[in-house]
Amino acid sequence: MSKSVADLKPGEYGTIKGFLDNIISLKLMEMGCLPGVKVKMNFSAPLGDPVAIDVAGYNLSLRTSEASNILIE
Amino acid sequence: MTKKKSVKVALIGNPNSGKSSLFNHLTGLNQKVGNFPGVTVDKKTGICKISEDLRADVIDLPGTYSLYPRSIDERVVLDILINKNSKDYPDVIVVIADAANLKRNLLLFSQVIDLGLPTVLALNMLDVSINLGQKVKPVEIARDLNIPVVSINARNGDGVNLLKRAIEQVEQPRKEFIDVLEFASEVIADVKFAFHIDNNYEALLIAQQGRFSDFFSDEEKKKIFDINAKNKFNHEFIQSKEILARYEKIDKLVRHSVEYNVNKNKNLTERIDKLLTHKVFGYLIFFAILFLIFQSIFTWANYPMDLIDGTFANISQWLKNVLPEGILSDLFTEGIIPGIGGIVIFIPQIAILFAFISILEESGYMSRVVFLMDKIMRKFGLNGKSVVPLISGVACAIPAIMATRTISNWKERLITIFVTPFMSCSARLPVYTILIALVVPETMLFGFLSMQAVALMGLYLLGFIMAILSAWILKFIVKIEEKSYFIMELPLYKFPRWKHVGLTIYEKSRTFVVEAGKIILAISIILWVLASFPKKGMDEAATTLSAQLKMDSHSERDFQKRMDAVRLENSYAGMFGKTIEPIIKPLGYDWKIGIALITSFAAREVFVGTMATIYSIGSDDADDITIKSRMKAEINPDTGGPRYTPAVAFSLLIFYAFAMQCMSTLAIVYRETKHWKYPLLQLIYMSGLAYLFSFMVFQILK
């Protein structure tokens, strides 16, 4: 199974290569999560969910269920 | 005299791009809030003088990241731009973009220019972007796209005059940003033909989103459906192709209009976030802020509230003296003036609460609260964004329910609306205070915790627990299948703009006065009628009593009080109270409390005033102490003991904590859900629950 943004630990980087869910992918792409873009896991909420990632120069927060749809390499 | 021309200008931009600040700079206080037709999304419009002979009607559209909407707020933007018949359809569009997040902001901009309307790009926060190590060159963007680009600073208004010049001179874009015909030429051609449209992108948006737009008739929606079916139109695939194509072009554009420096300086926000989203400190700080908010609502607000209370009592008294005696005078002094007073008295608490909320939102902290609370709230069928309405509910459920609009998932929003009135609003406070003072001793726990304060906090907690539990139950009952999104920007921390905070306070207070005010006023008048008629029966009872009382020697004031009480007993309100007495008897209440329950439907705090009247306390000394002592002395004829035993008082407290007794809230729930089903269910559920728990409390403590 390939790695997703949800698998990143705080401070780790990854490059987006695709999405698992079509509809969420549209929202994510609009927000700048595009294939080929580098993301950094910033921090997660105290209860482990949601998480905040650094993408396209800003801080985006999303639930781990959403983050697990973003495949990275 | 030259005739002034006017243009309609729409402001469009991402959330957090400074759109509202720009709107305030353009229009000043010349703004008004209305509704978009059919939806309850606030529509802010204002007038701006562009030049000596040009006036702009500016409309501030809800913040959105894209023309493909995710919530009802965002849908408004699309619905206006693809509906030429809309009276808000703009002549000129100003897209405001956050230069520090240029790429993402340009996505929306690129969609807007493809609609072919005259468009100006207002680049905001260039200073922030320089601090982040990016130098954006507006001239390059303007030259590349052949579109006017103005650098502005929405915080202090720099560049707003240049923007006005640009609005005056702007023309239609010469070329499209991307050629959407490449993705779906047949569908676009068919929609253009069927709907008589010239613009390609407008046609594509209709194919993509038209089926959700209320302004299209069913027949038109069928047309869209048929066109899509005939061409095997794949919504998601085409949309993703569009986004990718736009970003590809944006990348090229940004490559030579932005210079990147190595020195990156996002440290401040990162460092603050380390603290504010910390496992322990994050929650501690959040609860400390909550505590501060509650503390200020309940202490600071007291001074202006007392002042308002006194002022309205004086006005009533003054009118009573100057107006000729009669029904009209009574209507004013006992119905209308106290009714208006009952509305105005809540303004201080609402203003203070929204000062806090707006500061938290402006600074960027509110998104962190949403971030911190999302997982917990989701367990109960709510959303991180439900936190704001639940907090606001402590002041008043009306602005709180309106604050649920940011929740894009309908199920989560509906549940939030449904449970918010359980939060103890400020109207319950006077009721709590007087009943607690009546039965809870003033002793200190451990020498420093006041028992009465603990009881009060317990009631607030109880309301919150019931809200959360109800939400959890509703999670399983409400059958709406819709994906819940969280995806949300955590903006950089900023210093709040005080002018903006002031406008929010003004706006929320105004909305409350208008929305709740008209209902509270109407009910106050109805209640006055119920308590003042039928004149004949009331007069007869009074005459009988006065004949009786003449025998004994009574002071004049005491005489007057007993006369008032017997009049109320024989009024319609008294009759209602007696009618419902069998129903409320198991809760420990008599017909007098019944009257108070009925009158509380205007606003719960009316309870105290009603008690004052029922227990015949003259309006000149209507302070708690007298009401309290009078209530304390009230005897229950069945038992011979006091009427307000702890059992009765606690049963009443529980009743006021849970029951839906606010007509204004029901009206607002109807407005927000567009269905009578929801306020009705809310009324039955909350009041049923209140009855059940009050019954249990009374029977156990009795």
# chains A, B, ... in the order shown; residues from 1 in each chain; ligands from 1

call {"tool": "select_by_dssp", "arguments": {"residues": "range 19-72 of chain A", "states": "helix (DSSP H, G or I)", "output": "VMD selection string"}}
result
chain A and resid 22 to 30 64 to 67

call {"tool": "residues_around", "arguments": {"residues": "Gly36 in chain A", "least_positions_apart": "4", "cutoff": "7 Å", "atoms": "only C-alpha atoms", "output": "list in words"}}
result
Thr15, Ile16 and Lys17 of chain A

call {"tool": "write_last_selection", "arguments": {"atoms": "C-alpha atoms", "output": "mmCIF file, in the first residue's frame"}}
result
data_model
loop_
_atom_site.group_PDB
_atom_site.id
_atom_site.type_symbol
_atom_site.label_atom_id
_atom_site.label_comp_id
_atom_site.auth_asym_id
_atom_site.auth_seq_id
_atom_site.Cartn_x
_atom_site.Cartn_y
_atom_site.Cartn_z
ATOM 1 C CA THR A 15 5.368 14.987 -2.695
ATOM 2 C CA ILE A 16 1.757 14.543 -3.766
ATOM 3 C CA LYS A 17 1.324 11.963 -6.513
#

call {"tool": "atom_distance", "arguments": {"atom1": "CA of Tyr260 in chain B", "atom2": "CA of Lys38 in chain A"}}
result
16.3 Å

call {"tool": "interface_residues", "arguments": {"of": "chain A", "to": "chain B", "cutoff": "12 Å", "atoms": "only C-alpha atoms", "output": "NGL selection string"}}
result
:A and (10 or 18-19 or 21-37 or 42-67)

call {"tool": "select_by_dssp", "arguments": {"residues": "range 17-58 of chain A", "states": "strand (DSSP E or B)", "output": "list in words"}}
result
Lys17, Gly18, Phe19, Lys38, Val39, Lys40, Met41, Asn42, Phe43, Ser44, Val51, Ala52, Ile53, Asp54, Val55 and Tyr58 of chain A

call {"tool": "write_last_selection", "arguments": {"atoms": "C-alpha atoms", "output": "compact mmCIF listing (two decimals), in the first residue's frame"}}
result
# COMPACT_ATOMS: atom_id res chain seq x y z
CA LYS A 17 1.32 11.96 -6.51
CA GLY A 18 -2.40 11.35 -6.53
CA PHE A 19 -5.67 10.95 -4.66
CA LYS A 38 5.60 19.27 -1.84
CA VAL A 39 3.81 19.05 1.52
CA LYS A 40 5.15 19.13 5.03
CA MET A 41 3.37 17.72 8.05
CA ASN A 42 3.32 20.55 10.56
CA PHE A 43 1.52 19.31 13.63
CA SER A 44 -1.56 17.42 14.67
CA VAL A 51 -3.66 17.59 11.26
CA ALA A 52 -2.09 20.75 9.85
CA ILE A 53 0.08 20.57 6.76
CA ASP A 54 2.20 23.11 4.99
CA VAL A 55 1.22 23.27 1.34
CA TYR A 58 0.23 28.20 3.84

call {"tool": "residues_around", "arguments": {"residues": "Lys475 in chain B", "least_positions_apart": "4", "cutoff": "10 Å", "atoms": "only C-alpha atoms", "output": "count of residues only"}}
result
13

call {"tool": "atom_distance", "arguments": {"atom1": "CA of Ser68 in chain A", "atom2": "CA of Val5 in chain A"}}
result
5.8 Å

call {"tool": "atom_distance", "arguments": {"atom1": "CA of Glu176 in chain B", "atom2": "CA of Ile113 in chain B"}}
result
6.9 Å

call {"tool": "closest_residue", "arguments": {"among": "B:Gly210, B:Ile668, B:Ile178, B:Leu106", "to": "Ile80 in chain B", "atoms": "only C-alpha atoms"}}
result
B:Gly210
